[in-house]
$ cat my_file-v7.tsv   # TSV, C-alpha atoms
chain	number	residue	atom	x	y	z
A	1	MET	CA	14.82	-14.74	5.12
A	2	VAL	CA	15.22	-18.39	5.98
A	3	PRO	CA	18.15	-18.35	8.43
A	4	ARG	CA	19.77	-21.38	9.90
A	5	ARG	CA	17.87	-23.03	12.74
A	6	VAL	CA	19.13	-22.38	16.22
A	7	PRO	CA	18.59	-24.19	19.54
A	8	PRO	CA	15.57	-23.26	21.66
A	9	TYR	CA	15.88	-20.00	23.55
A	10	ARG	CA	17.75	-20.21	26.89
A	11	PRO	CA	17.48	-17.09	29.02
A	12	ARG	CA	20.71	-15.60	30.26
A	13	VAL	CA	21.45	-15.29	33.96
A	14	LEU	CA	20.65	-11.83	35.27
A	15	ARG	CA	23.54	-10.28	37.16
A	16	ALA	CA	21.83	-7.10	38.37
A	17	THR	CA	22.05	-6.80	42.14
A	18	ALA	CA	19.18	-4.39	42.64
A	19	ALA	CA	15.83	-6.14	42.93
A	20	ALA	CA	14.11	-3.22	41.24
A	21	VAL	CA	16.27	-3.62	38.15
A	22	VAL	CA	15.55	-7.34	37.97
A	23	VAL	CA	11.81	-6.73	38.22
A	24	ALA	CA	11.91	-4.06	35.51
A	25	VAL	CA	13.96	-6.27	33.19
A	26	GLY	CA	11.57	-9.19	33.64
A	27	ALA	CA	8.53	-7.03	33.00
A	28	LEU	CA	9.92	-5.91	29.67
A	29	GLY	CA	10.93	-9.42	28.63
A	30	LEU	CA	14.60	-8.47	28.46
A	31	ALA	CA	17.04	-11.32	28.00
A	32	SER	CA	19.88	-9.54	29.78
A	33	ALA	CA	20.37	-6.37	31.82
A	34	ALA	CA	23.53	-5.61	29.83
A	35	PRO	CA	23.25	-4.24	26.28
A	36	ALA	CA	24.33	-6.79	23.68
A	37	ALA	CA	24.45	-4.70	20.52
A	38	SER	CA	24.52	-1.10	19.38
A	39	THR	CA	23.87	1.29	16.52
A	40	LYS	CA	26.16	4.07	15.31
A	41	ALA	CA	25.54	6.97	12.96
A	42	VAL	CA	27.93	6.91	10.00
A	43	PRO	CA	28.66	9.28	7.10
A	44	GLY	CA	28.07	8.58	3.43
A	45	ALA	CA	24.27	8.81	3.18
A	46	SER	CA	24.51	10.94	0.02
A	47	ASN	CA	26.22	8.04	-1.81
A	48	HIS	CA	22.95	6.11	-1.79
A	49	ARG	CA	20.18	7.11	-4.18
A	50	LEU	CA	16.69	5.94	-5.07
A	51	THR	CA	15.30	7.14	-8.41
A	52	LEU	CA	11.58	7.06	-9.16
A	53	THR	CA	10.59	5.40	-12.44
A	54	THR	CA	7.25	4.29	-13.87
A	55	PRO	CA	8.33	2.02	-16.73
A	56	GLU	CA	4.99	0.27	-17.24
A	57	SER	CA	2.55	3.12	-16.66
A	58	ALA	CA	0.88	2.57	-20.06
A	59	ALA	CA	0.19	-1.07	-19.24
A	60	VAL	CA	-1.17	-0.14	-15.81
A	61	ARG	CA	-3.56	2.40	-17.37
A	62	ARG	CA	-4.69	-0.05	-20.05
A	63	LEU	CA	-5.46	-2.85	-17.60
A	64	ASP	CA	-7.04	-0.36	-15.20
A	65	GLY	CA	-9.62	0.41	-17.86
A	66	ILE	CA	-10.39	-3.26	-18.52
A	67	LEU	CA	-10.41	-5.06	-15.18
A	68	PRO	CA	-12.98	-4.34	-12.44
A	69	HIS	CA	-11.65	-2.61	-9.34
A	70	ALA	CA	-11.77	-3.95	-5.79
A	71	SER	CA	-11.43	-1.81	-2.67
A	72	VAL	CA	-9.52	-2.74	0.47
A	73	GLY	CA	-12.88	-3.06	2.22
A	74	GLU	CA	-14.16	-5.48	-0.43
A	75	VAL	CA	-11.07	-7.67	-0.20
A	76	LEU	CA	-11.25	-7.79	3.59
A	77	GLY	CA	-14.98	-8.46	3.47
A	78	SER	CA	-14.41	-11.44	1.18
A	79	GLY	CA	-12.00	-13.16	3.59
A	80	ASN	CA	-12.03	-16.88	2.86
A	81	ARG	CA	-9.38	-18.11	5.29
A	82	GLN	CA	-9.61	-18.39	9.07
A	83	ALA	CA	-6.92	-17.50	11.61
A	84	SER	CA	-6.85	-19.01	15.10
A	85	ALA	CA	-5.36	-18.32	18.53
A	86	ILE	CA	-1.75	-19.27	19.24
A	87	PRO	CA	-1.80	-22.33	21.57
A	88	ALA	CA	-0.72	-21.71	25.15
A	89	LEU	CA	2.64	-23.52	24.91
A	90	ALA	CA	3.48	-22.68	21.29
A	91	PRO	CA	6.95	-21.14	20.65
A	92	PRO	CA	5.66	-17.74	19.41
A	93	ARG	CA	4.45	-16.94	22.93
A	94	GLN	CA	8.07	-16.79	24.15
A	95	ALA	CA	8.38	-13.27	22.67
A	96	GLY	CA	9.22	-10.80	25.44
A	97	GLY	CA	6.20	-8.64	26.23
A	98	PHE	CA	3.85	-10.93	24.26
A	99	GLN	CA	0.37	-9.42	24.00
A	100	ASN	CA	-1.57	-11.12	21.25
A	101	GLY	CA	-1.30	-12.88	17.92
A	102	PHE	CA	-2.67	-15.58	15.68
A	103	ARG	CA	-1.81	-18.59	13.59
A	104	PHE	CA	-2.71	-18.77	9.93
A	105	ALA	CA	-5.08	-21.38	8.49
A	106	SER	CA	-3.61	-24.88	8.70
A	107	ASP	CA	-2.43	-25.12	5.09
A	108	ASP	CA	-0.75	-21.70	5.30
A	109	THR	CA	0.86	-22.65	8.61
A	110	SER	CA	2.31	-25.86	7.18
A	111	THR	CA	3.17	-24.90	3.59
A	112	THR	CA	6.81	-25.09	2.51
A	113	LYS	CA	6.04	-23.46	-0.84
A	114	PHE	CA	5.26	-19.98	0.51
A	115	PHE	CA	7.21	-18.21	3.27
A	116	PRO	CA	5.91	-15.08	5.03
A	117	GLN	CA	8.35	-12.17	5.21
A	118	GLY	CA	6.93	-8.66	5.46
A	119	ILE	CA	4.27	-7.10	7.67
A	120	THR	CA	2.44	-3.76	7.75
A	121	GLY	CA	-1.10	-2.58	8.41
A	122	THR	CA	-3.71	0.12	8.40
A	123	ALA	CA	-1.89	1.74	11.35
A	124	ASP	CA	0.80	2.61	8.79
A	125	ALA	CA	-1.59	3.42	5.96
A	126	SER	CA	-3.75	5.93	7.79
A	127	ALA	CA	-3.45	8.31	10.74
A	128	THR	CA	-6.80	6.96	11.98
A	129	GLY	CA	-5.56	3.36	11.83
A	130	LEU	CA	-8.45	2.49	9.52
A	131	VAL	CA	-8.88	2.04	5.78
A	132	ASP	CA	-12.43	1.75	4.43
A	133	GLY	CA	-13.53	1.65	8.05
A	134	ARG	CA	-11.51	-1.49	8.72
A	135	LYS	CA	-8.47	-2.33	10.84
A	136	ALA	CA	-6.14	-4.72	9.03
A	137	LEU	CA	-2.71	-6.28	8.83
A	138	LEU	CA	-0.93	-7.18	5.59
A	139	VAL	CA	1.64	-10.00	5.35
A	140	SER	CA	3.78	-10.72	2.27
A	141	TRP	CA	4.73	-14.28	1.22
A	142	TYR	CA	7.13	-15.37	-1.53
A	143	ALA	CA	6.99	-18.70	-3.36
A	144	ARG	CA	10.40	-20.27	-2.73
A	145	ASN	CA	12.24	-22.44	-5.24
A	146	PRO	CA	11.85	-25.94	-3.69
A	147	LYS	CA	15.12	-27.24	-5.19
A	148	THR	CA	17.56	-24.46	-4.40
A	149	LYS	CA	15.57	-23.06	-1.44
A	150	LYS	CA	16.52	-19.68	-2.84
A	151	GLY	CA	14.90	-17.37	-5.33
A	152	THR	CA	11.24	-16.90	-6.19
A	153	VAL	CA	9.15	-19.11	-8.48
A	154	PRO	CA	5.64	-18.62	-9.95
A	155	PRO	CA	3.12	-17.54	-8.87
A	156	GLY	CA	5.57	-15.19	-7.13
A	157	VAL	CA	4.40	-13.02	-4.24
A	158	ARG	CA	1.08	-12.85	-2.45
A	159	VAL	CA	-0.12	-10.50	0.28
A	160	SER	CA	-2.57	-11.57	2.98
A	161	PHE	CA	-5.23	-8.97	3.81
A	162	ILE	CA	-6.14	-9.80	7.42
A	163	GLY	CA	-9.10	-8.32	9.28
A	164	ALA	CA	-7.47	-7.28	12.56
A	165	GLU	CA	-10.42	-6.26	14.73
A	166	LYS	CA	-10.03	-9.55	16.62
A	167	LEU	CA	-6.78	-11.29	15.75
A	168	THR	CA	-7.55	-14.68	17.25
A	169	ALA	CA	-10.62	-15.00	15.03
A	170	ALA	CA	-9.40	-13.03	12.02
A	171	LYS	CA	-10.48	-13.82	8.49
A	172	TYR	CA	-8.16	-13.07	5.62
A	173	ARG	CA	-7.64	-13.43	1.88
A	174	HIS	CA	-4.50	-13.65	-0.26
A	175	VAL	CA	-4.00	-11.10	-3.07
A	176	LEU	CA	-1.43	-11.80	-5.80
A	177	LEU	CA	1.11	-9.08	-6.66
A	178	VAL	CA	1.57	-8.70	-10.43
A	179	ASN	CA	3.78	-6.69	-12.79
A	180	PRO	CA	1.94	-5.16	-15.79
A	181	TYR	CA	3.71	-4.87	-19.17
A	182	MET	CA	2.93	-4.08	-22.80
A	183	LEU	CA	2.99	-6.68	-25.56
A	184	PRO	CA	4.39	-5.89	-29.05
A	185	ASP	CA	0.85	-5.76	-30.48
A	186	GLY	CA	-0.07	-2.94	-28.11
A	187	THR	CA	-2.13	-4.98	-25.68
A	188	ALA	CA	-1.41	-5.10	-21.97
A	189	ASP	CA	-0.72	-8.11	-19.78
A	190	TYR	CA	0.73	-8.88	-16.37
A	191	ARG	CA	3.23	-11.42	-15.06
A	192	PRO	CA	4.14	-12.86	-11.63
A	193	THR	CA	6.24	-10.75	-9.27
A	194	LYS	CA	9.77	-12.07	-8.87
A	195	SER	CA	10.72	-10.76	-5.44
A	196	HIS	CA	11.76	-11.92	-1.99
A	197	ALA	CA	9.39	-9.29	-0.55
A	198	GLY	CA	11.48	-9.26	2.62
A	199	GLY	CA	9.64	-6.24	3.98
A	200	ILE	CA	6.54	-4.19	3.22
A	201	ALA	CA	5.24	-0.78	4.34
A	202	TRP	CA	1.76	0.57	3.56
A	203	VAL	CA	1.73	4.39	3.39
A	204	GLY	CA	-1.42	6.04	2.07
A	205	ARG	CA	-2.33	4.00	-1.00
A	206	ARG	CA	1.25	2.90	-1.66
A	207	LEU	CA	2.50	-0.54	-0.64
A	208	TYR	CA	6.31	-0.40	-0.59
A	209	VAL	CA	8.07	-3.74	-1.15
A	210	ALA	CA	11.76	-4.19	-0.33
A	211	GLU	CA	13.77	-5.56	-3.30
A	212	THR	CA	16.99	-7.10	-1.99
A	213	THR	CA	19.43	-5.48	-4.41
A	214	GLY	CA	17.09	-3.26	-6.43
A	215	GLY	CA	15.60	-0.71	-4.04
A	216	LEU	CA	11.86	-0.44	-3.49
A	217	SER	CA	8.85	-1.38	-5.63
A	218	VAL	CA	5.47	0.31	-5.22
A	219	TYR	CA	2.11	-1.46	-5.52
A	220	ASP	CA	-1.23	0.35	-5.45
A	221	THR	CA	-3.74	-0.75	-2.80
A	222	ALA	CA	-6.32	1.61	-4.31
A	223	ARG	CA	-6.01	-0.08	-7.69
A	224	MET	CA	-6.59	-3.76	-6.96
A	225	TRP	CA	-8.29	-5.69	-9.72
A	226	LYS	CA	-10.80	-8.51	-9.51
A	227	VAL	CA	-10.02	-11.43	-11.78
A	228	SER	CA	-13.27	-12.97	-13.00
A	229	ALA	CA	-11.75	-16.17	-14.33
A	230	THR	CA	-10.77	-18.57	-11.55
A	231	SER	CA	-10.53	-21.84	-13.44
A	232	GLY	CA	-8.51	-23.56	-10.76
A	233	ASP	CA	-5.38	-23.42	-12.93
A	234	LYS	CA	-2.65	-22.56	-10.42
A	235	THR	CA	-0.01	-22.20	-13.14
A	236	LYS	CA	-1.51	-19.39	-15.23
A	237	VAL	CA	-0.79	-15.78	-14.32
A	238	GLY	CA	-1.71	-13.28	-17.01
A	239	CYS	CA	-4.22	-12.29	-19.70
A	240	THR	CA	-2.72	-14.05	-22.71
A	241	PRO	CA	-4.79	-15.74	-23.93
A	242	ASN	CA	-7.86	-14.13	-22.40
A	243	PRO	CA	-9.48	-14.26	-19.92
A	244	CYS	CA	-7.13	-12.88	-17.26
A	245	GLU	CA	-6.19	-15.32	-14.51
A	246	ALA	CA	-3.97	-15.21	-11.42
A	247	ALA	CA	-3.06	-18.75	-10.32
A	248	ASP	CA	-6.62	-19.14	-8.98
A	249	TYR	CA	-6.40	-16.02	-6.79
A	250	GLN	CA	-9.43	-13.78	-7.11
A	251	TYR	CA	-7.65	-10.43	-6.70
A	252	VAL	CA	-4.40	-8.95	-8.01
A	253	MET	CA	-2.51	-5.78	-7.06
A	254	PRO	CA	-0.32	-4.15	-9.75
A	255	LYS	CA	3.14	-2.66	-9.47
A	256	VAL	CA	2.87	1.00	-10.45
A	257	ALA	CA	6.36	2.38	-9.78
A	258	GLU	CA	9.93	1.57	-8.82
A	259	TYR	CA	12.51	3.39	-6.75
A	260	ARG	CA	15.64	2.02	-8.37
A	261	TYR	CA	18.73	1.95	-6.23
A	262	ARG	CA	22.11	3.29	-7.29
A	263	TYR	CA	25.30	3.53	-5.28
A	264	ALA	CA	27.19	6.64	-6.37
A	265	PRO	CA	30.77	5.21	-6.29
A	266	LYS	CA	29.90	2.72	-9.06
A	267	TYR	CA	32.94	0.49	-8.84
A	268	GLN	CA	33.52	0.44	-5.10
A	269	ARG	CA	32.14	-1.83	-2.42
A	270	GLY	CA	29.37	-0.50	-0.26
A	271	ALA	CA	26.08	-0.93	-2.14
A	272	LEU	CA	23.09	-1.37	0.15
A	273	LEU	CA	20.82	-4.36	0.56
A	274	PHE	CA	17.10	-3.79	0.98
A	275	SER	CA	16.12	-6.70	3.18
A	276	SER	CA	13.25	-5.05	5.07
A	277	VAL	CA	11.26	-1.82	5.13
A	278	SER	CA	9.07	-0.18	7.77
A	279	TYR	CA	7.20	3.10	8.18
A	280	ASP	CA	7.87	5.63	10.94
A	281	ARG	CA	5.03	8.12	11.32
A	282	ALA	CA	6.98	10.10	13.96
A	283	SER	CA	9.73	11.05	11.50
A	284	GLN	CA	7.60	10.66	8.33
A	285	SER	CA	10.09	8.26	6.80
A	286	LEU	CA	10.82	4.72	5.71
A	287	MET	CA	13.52	2.66	7.42
A	288	THR	CA	15.29	-0.06	5.44
A	289	SER	CA	17.70	-2.62	6.87
A	290	GLU	CA	20.20	-5.19	5.63
A	291	TYR	CA	20.37	-8.92	6.33
A	292	TYR	CA	23.68	-10.74	6.53
A	293	SER	CA	23.95	-14.36	7.65
A	294	GLY	CA	26.03	-14.41	10.80
A	295	SER	CA	28.12	-11.51	12.03
A	296	PRO	CA	29.06	-9.22	9.13
A	297	THR	CA	32.16	-7.93	10.91
A	298	THR	CA	33.74	-11.40	10.86
A	299	LYS	CA	33.35	-11.98	7.13
A	300	ALA	CA	36.60	-12.47	5.27
A	301	ASN	CA	35.56	-10.10	2.48
A	302	GLY	CA	35.26	-7.20	4.92
A	303	THR	CA	31.51	-6.70	4.60
A	304	PRO	CA	30.52	-3.83	6.93
A	305	ASP	CA	28.09	-4.01	9.81
A	306	ALA	CA	24.46	-4.21	8.70
A	307	ARG	CA	23.11	-0.75	7.92
A	308	LEU	CA	19.85	0.94	8.85
A	309	VAL	CA	18.79	3.67	6.42
A	310	ARG	CA	16.13	6.38	6.78
A	311	TRP	CA	14.41	7.63	3.63
A	312	PRO	CA	12.24	10.82	3.86
A	313	LEU	CA	8.59	10.87	2.76
A	314	MET	CA	6.25	13.59	1.56
A	315	GLY	CA	2.76	14.09	2.94
A	316	ASP	CA	1.16	11.88	0.28
A	317	GLY	CA	3.45	8.95	1.14
A	318	ALA	CA	5.83	9.24	-1.83
A	319	LEU	CA	9.57	9.45	-1.21
A	320	ARG	CA	10.74	13.05	-0.90
A	321	PRO	CA	13.15	13.87	-3.74
A	322	GLY	CA	16.13	16.12	-3.24
A	323	SER	CA	16.36	16.95	-6.94
A	324	GLY	CA	14.43	15.59	-9.88
A	325	ASN	CA	13.19	12.11	-9.03
A	326	VAL	CA	16.17	11.23	-6.82
A	327	THR	CA	15.89	10.64	-3.07
A	328	THR	CA	18.86	10.33	-0.72
A	329	PRO	CA	18.73	9.16	2.92
A	330	THR	CA	18.36	11.54	5.84
A	331	GLY	CA	20.16	9.12	8.15
A	332	LEU	CA	22.52	6.15	7.98
A	333	TRP	CA	23.48	3.90	10.89
A	334	THR	CA	25.35	0.64	11.33
A	335	THR	CA	24.39	-2.00	13.87
A	336	THR	CA	26.42	-4.79	15.44
A	337	ALA	CA	23.26	-6.92	15.77
A	338	GLU	CA	23.59	-10.13	13.79
A	339	ASN	CA	21.15	-11.59	11.24
A	340	VAL	CA	18.95	-8.49	11.09
A	341	GLN	CA	15.54	-9.47	9.70
A	342	GLY	CA	13.67	-6.24	10.31
A	343	ALA	CA	14.16	-2.75	11.72
A	344	LEU	CA	11.61	-0.24	12.95
A	345	THR	CA	12.04	3.27	14.29
A	346	ILE	CA	9.60	5.28	16.36
A	347	GLY	CA	11.25	8.66	16.28
A	348	ASN	CA	14.72	8.14	17.77
A	349	THR	CA	14.00	4.70	19.23
A	350	VAL	CA	14.95	1.70	17.12
A	351	TYR	CA	13.77	-1.92	17.27
A	352	VAL	CA	15.80	-4.59	15.48
A	353	SER	CA	14.53	-8.12	14.86
A	354	SER	CA	17.39	-10.64	14.81
A	355	SER	CA	17.45	-14.36	14.10
A	356	GLY	CA	21.05	-14.79	15.23
A	357	GLY	CA	22.41	-16.55	18.34
A	358	ASP	CA	19.68	-16.93	20.94
A	359	ARG	CA	17.40	-14.68	18.82
A	360	HIS	CA	16.55	-11.20	20.05
A	361	LEU	CA	14.42	-8.15	19.57
A	362	TYR	CA	16.85	-5.32	20.28
A	363	VAL	CA	15.65	-1.91	21.44
A	364	GLY	CA	17.38	1.37	22.22
A	365	GLY	CA	18.14	4.89	21.06
A	366	LEU	CA	19.43	5.41	17.54
A	367	GLY	CA	23.18	5.87	17.77
A	368	GLY	CA	23.56	4.05	21.07
A	369	LYS	CA	23.51	0.74	22.89
A	370	LEU	CA	20.66	-1.75	22.47
A	371	ALA	CA	19.06	-3.96	25.10
A	372	GLU	CA	17.86	-7.49	24.35
A	373	ARG	CA	14.33	-8.80	24.56
A	374	ARG	CA	13.33	-12.44	24.13
A	375	TRP	CA	12.34	-13.23	20.57
A	376	PRO	CA	10.91	-16.38	18.96
A	377	ASN	CA	12.48	-18.29	16.09
A	378	GLY	CA	11.97	-16.90	12.59
A	379	GLY	CA	10.99	-13.32	13.50
A	380	GLU	CA	10.99	-11.16	10.38
A	381	ASP	CA	9.79	-7.65	9.45
A	382	LEU	CA	8.31	-5.23	12.04
A	383	THR	CA	5.43	-2.75	12.13
A	384	TYR	CA	3.96	-0.52	14.84
A	385	ALA	CA	0.38	0.30	15.83
A	386	PRO	CA	0.35	3.56	17.87
A	387	ALA	CA	-3.23	3.15	19.12
A	388	SER	CA	-2.43	-0.08	20.96
A	389	GLY	CA	1.27	0.59	21.55
A	390	ARG	CA	2.09	-2.79	20.02
A	391	ILE	CA	4.81	-3.93	17.68
A	392	TYR	CA	3.87	-6.71	15.26
A	393	SER	CA	6.08	-9.25	13.53
A	394	VAL	CA	5.56	-12.34	11.40
A	395	LEU	CA	7.40	-15.62	12.09
A	396	GLU	CA	8.32	-17.51	8.94
A	397	HIS	CA	9.11	-21.11	9.85
A	398	PRO	CA	6.42	-23.71	9.05
A	399	GLY	CA	4.47	-25.50	11.74
A	400	ARG	CA	4.10	-24.42	15.36
A	401	GLU	CA	6.53	-21.54	14.86
A	402	ARG	CA	4.63	-19.75	12.03
A	403	ALA	CA	2.41	-16.95	13.36
A	404	VAL	CA	1.90	-13.23	13.73
A	405	VAL	CA	2.80	-11.88	17.17
A	406	ALA	CA	2.15	-8.56	18.88
A	407	VAL	CA	4.41	-7.39	21.71
A	408	LYS	CA	4.56	-4.38	24.02
A	409	ARG	CA	6.40	-1.41	22.58

$ encode --input "my_file-v7.tsv" --output "structure tokens"
Amino acid sequence: MVPRRVPPYRPRVLRATAAAVVVAVGALGLASAAPAASTKAVPGASNHRLTLTTPESAAVRRLDGILPHASVGEVLGSGNRQASAIPALAPPRQAGGFQNGFRFASDDTSTTKFFPQGITGTADASATGLVDGRKALLVSWYARNPKTKKGTVPPGVRVSFIGAEKLTAAKYRHVLLVNPYMLPDGTADYRPTKSHAGGIAWVGRRLYVAETTGGLSVYDTARMWKVSATSGDKTKVGCTPNPCEAADYQYVMPKVAEYRYRYAPKYQRGALLFSSVSYDRASQSLMTSEYYSGSPTTKANGTPDARLVRWPLMGDGALRPGSGNVTTPTGLWTTTAENVQGALTIGNTVYVSSSGGDRHLYVGGLGGKLAERRWPNGGEDLTYAPASGRIYSVLEHPGRERAVVAVKR
């Protein structure tokens, strides 16, 4: 999301009288000793359904037999862009419990064409935290319409594959997400991905991408293709006419499935938004959240509080169906936090990234009150690395504020 800009963070005055409480609050980077928001379990989960479809499986198979494959390890090993340390006084370091992070290469840090949104990594993809022997983070970017500042324009969505062994010196490469399809003559092609890509979650080989009103798309990290033709033409995405190109990106990752969303009471209010997605290994589930600008409870049209929704997974990383290809949530909560950009659960503990007011990372038990932690401007999606006990987020605004940050759990 690209929320309104807010004034620089100003810490609230602590009113706790016990010195021990003050010390504990400061150590955690809490903005206030008093909870500022909450979550509440609500009924109605069965009204929300995700149905698995594979509408372009023939095109995926056809292109899979034509284009050379590239592994995650190969893409990471071909990193052609250099990250750098976040400067000592840069805004991202104001995150409560800041541990580490990096800035993207200068042109990625300054670009107003692409905006980073989602984040995940090998800690989600594998129980070992490694894929092809590498530790990595993935960040999604969408190409924003420069006139309306809304919507997605070609070349669509790219994902940065970032070698994460040493963040401050990480190398990375962008991979373009593409949607395969069949032409009337029986040949296969692919087109740019039209998505906000507000959140991503890498589970096994599946890369889940949040689709604001549509549910979840699935891209295949084990089926990336190397595009041999890189003519420098940044406008061409596709194989018609041959050879295949991808806006001068060397690698593409195809969409292989969709989990299409349907709200059971067709003609009533209450359909979900899919603004972010994260993986929770503790509960073997995905958590999606909704973004509303401002406080949803004050909207004249009666929009409900933003909802957090838990979707169950099977052992292979696919959504667990209740019947047929239909999956319903195993949990549904509302939150009074404003401008929710990302939500992450670790078992029964929830973290909510908010761009509203003074900006906060909220933390607390699901179904209860949330405490505030300091949070930099533009914080988006969230992901968790159990081995280090760190939570990662990506900050979207161009310039000194655009970075990836890691904070204490």

$ atom_distance --input "my_file-v7.tsv" --atom1 "atom CA of Phe102 of chain A" --atom2 "atom CA of Lys166 of chain A"
9.6 Å

$ closest_residue --input "my_file-v7.tsv" --among "A:Glu401, A:Glu396, A:Glu56, A:Glu372" --to "Pro180 of chain A" --atoms "all atoms listed in the file"
A:Glu56

$ closest_residue --input "my_file-v7.tsv" --among "A:Ala229, A:Val407, A:Leu63, A:Leu319" --to "Gln94 of chain A" --atoms "all atoms listed in the file"
A:Val407

$ residues_around --input "my_file-v7.tsv" --residues "Ala247 of chain A" --least-positions-apart "6" --cutoff "8 Å" --atoms "all atoms listed in the file" --output "MDAnalysis selection string"
chainID A and resid 155 230 232:237

$ axis_aligned_box --input "my_file-v7.tsv" --around "segment 254-259 of chain A" --padding-each-side "3 Å" --output "lines of an AutoDock Vina configuration file"
center_x = 6.1
center_y = -0.4
center_z = -8.6
size_x = 18.8
size_y = 13.5
size_z = 9.7

$ residues_around --input "my_file-v7.tsv" --residues "Asp107 of chain A" --least-positions-apart "2" --cutoff "10 Å" --atoms "only C-alpha atoms" --output "PDB file with C-alpha atoms, in the coordinates of the input"
ATOM      1  CA  ARG A  81      -9.380 -18.110   5.290  1.00  0.00           C
ATOM      2  CA  PHE A 104      -2.710 -18.770   9.930  1.00  0.00           C
ATOM      3  CA  ALA A 105      -5.080 -21.380   8.490  1.00  0.00           C
ATOM      4  CA  THR A 109       0.860 -22.650   8.610  1.00  0.00           C
ATOM      5  CA  SER A 110       2.310 -25.860   7.180  1.00  0.00           C
ATOM      6  CA  THR A 111       3.170 -24.900   3.590  1.00  0.00           C
ATOM      7  CA  THR A 112       6.810 -25.090   2.510  1.00  0.00           C
ATOM      8  CA  PRO A 398       6.420 -23.710   9.050  1.00  0.00           C
ATOM      9  CA  GLY A 399       4.470 -25.500  11.740  1.00  0.00           C
TER      10      GLY A 399
END

$ closest_residue --input "my_file-v7.tsv" --among "A:Gly151, A:Pro92, A:Gly367, A:Gly379" --to "Lys113 of chain A" --atoms "all atoms listed in the file"
A:Gly151

$ atom_distance --input "my_file-v7.tsv" --atom1 "atom CA of Ala170 of chain A" --atom2 "atom CA of Val405 of chain A"
13.3 Å

$ residues_around --input "my_file-v7.tsv" --residues "Thr122 of chain A" --least-positions-apart "4" --cutoff "7 Å" --atoms "all atoms listed in the file" --output "list of chain:residue names"
A:Ser126, A:Gly129, A:Leu130, A:Val131, A:Lys135, A:Ala136, A:Leu137

$ write_last_selection --input "my_file-v7.tsv" --atoms "C-alpha atoms" --output "short mmCIF file (atom, residue, chain, number, x, y, z; two decimals), in the coordinates of the input"
data_model
loop_
_atom_site.label_atom_id
_atom_site.label_comp_id
_atom_site.auth_asym_id
_atom_site.auth_seq_id
_atom_site.Cartn_x
_atom_site.Cartn_y
_atom_site.Cartn_z
CA SER A 126 -3.75 5.93 7.79
CA GLY A 129 -5.56 3.36 11.83
CA LEU A 130 -8.45 2.49 9.52
CA VAL A 131 -8.88 2.04 5.78
CA LYS A 135 -8.47 -2.33 10.84
CA ALA A 136 -6.14 -4.72 9.03
CA LEU A 137 -2.71 -6.28 8.83
#

$ atom_distance --input "my_file-v7.tsv" --atom1 "atom CA of Thr39 of chain A" --atom2 "atom CA of Phe98 of chain A"
24.7 Å

$ closest_residue --input "my_file-v7.tsv" --among "A:Leu50, A:Ala222, A:Ala197, A:Ala59" --to "Gly73 of chain A" --atoms "all atoms listed in the file"
A:Ala222

$ residues_around --input "my_file-v7.tsv" --residues "Gly121 of chain A" --least-positions-apart "4" --cutoff "12 Å" --atoms "only C-alpha atoms" --output "tab-separated table (two decimals) with C-alpha atoms, in the frame of the given file"
chain	number	residue	atom	x	y	z
A	72	VAL	CA	-9.52	-2.74	0.47
A	125	ALA	CA	-1.59	3.42	5.96
A	126	SER	CA	-3.75	5.93	7.79
A	127	ALA	CA	-3.45	8.31	10.74
A	128	THR	CA	-6.80	6.96	11.98
A	129	GLY	CA	-5.56	3.36	11.83
A	130	LEU	CA	-8.45	2.49	9.52
A	131	VAL	CA	-8.88	2.04	5.78
A	134	ARG	CA	-11.51	-1.49	8.72
A	135	LYS	CA	-8.47	-2.33	10.84
A	136	ALA	CA	-6.14	-4.72	9.03
A	137	LEU	CA	-2.71	-6.28	8.83
A	138	LEU	CA	-0.93	-7.18	5.59
A	139	VAL	CA	1.64	-10.00	5.35
A	140	SER	CA	3.78	-10.72	2.27
A	159	VAL	CA	-0.12	-10.50	0.28
A	160	SER	CA	-2.57	-11.57	2.98
A	161	PHE	CA	-5.23	-8.97	3.81
A	162	ILE	CA	-6.14	-9.80	7.42
A	163	GLY	CA	-9.10	-8.32	9.28
A	164	ALA	CA	-7.47	-7.28	12.56
A	165	GLU	CA	-10.42	-6.26	14.73
A	200	ILE	CA	6.54	-4.19	3.22
A	201	ALA	CA	5.24	-0.78	4.34
A	202	TRP	CA	1.76	0.57	3.56
A	203	VAL	CA	1.73	4.39	3.39
A	204	GLY	CA	-1.42	6.04	2.07
A	205	ARG	CA	-2.33	4.00	-1.00
A	206	ARG	CA	1.25	2.90	-1.66
A	207	LEU	CA	2.50	-0.54	-0.64
A	208	TYR	CA	6.31	-0.40	-0.59
A	221	THR	CA	-3.74	-0.75	-2.80
A	278	SER	CA	9.07	-0.18	7.77
A	279	TYR	CA	7.20	3.10	8.18
A	382	LEU	CA	8.31	-5.23	12.04
A	383	THR	CA	5.43	-2.75	12.13
A	384	TYR	CA	3.96	-0.52	14.84
A	385	ALA	CA	0.38	0.30	15.83
A	386	PRO	CA	0.35	3.56	17.87
A	391	ILE	CA	4.81	-3.93	17.68
A	392	TYR	CA	3.87	-6.71	15.26
A	393	SER	CA	6.08	-9.25	13.53

$ closest_residue --input "my_file-v7.tsv" --among "A:Met287, A:Val60, A:Ala95, A:Val178" --to "Leu361 of chain A" --atoms "all atoms listed in the file"
A:Ala95

$ closest_residue --input "my_file-v7.tsv" --among "A:Asp189, A:Asp108, A:Asp305, A:Asp248" --to "Ser293 of chain A" --atoms "only C-alpha atoms"
A:Asp305

$ residues_around --input "my_file-v7.tsv" --residues "Arg62 of chain A" --least-positions-apart "2" --cutoff "10 Å" --atoms "all atoms listed in the file" --output "VMD selection string"
chain A and resid 57 to 60 64 to 67 180 to 182 186 to 189
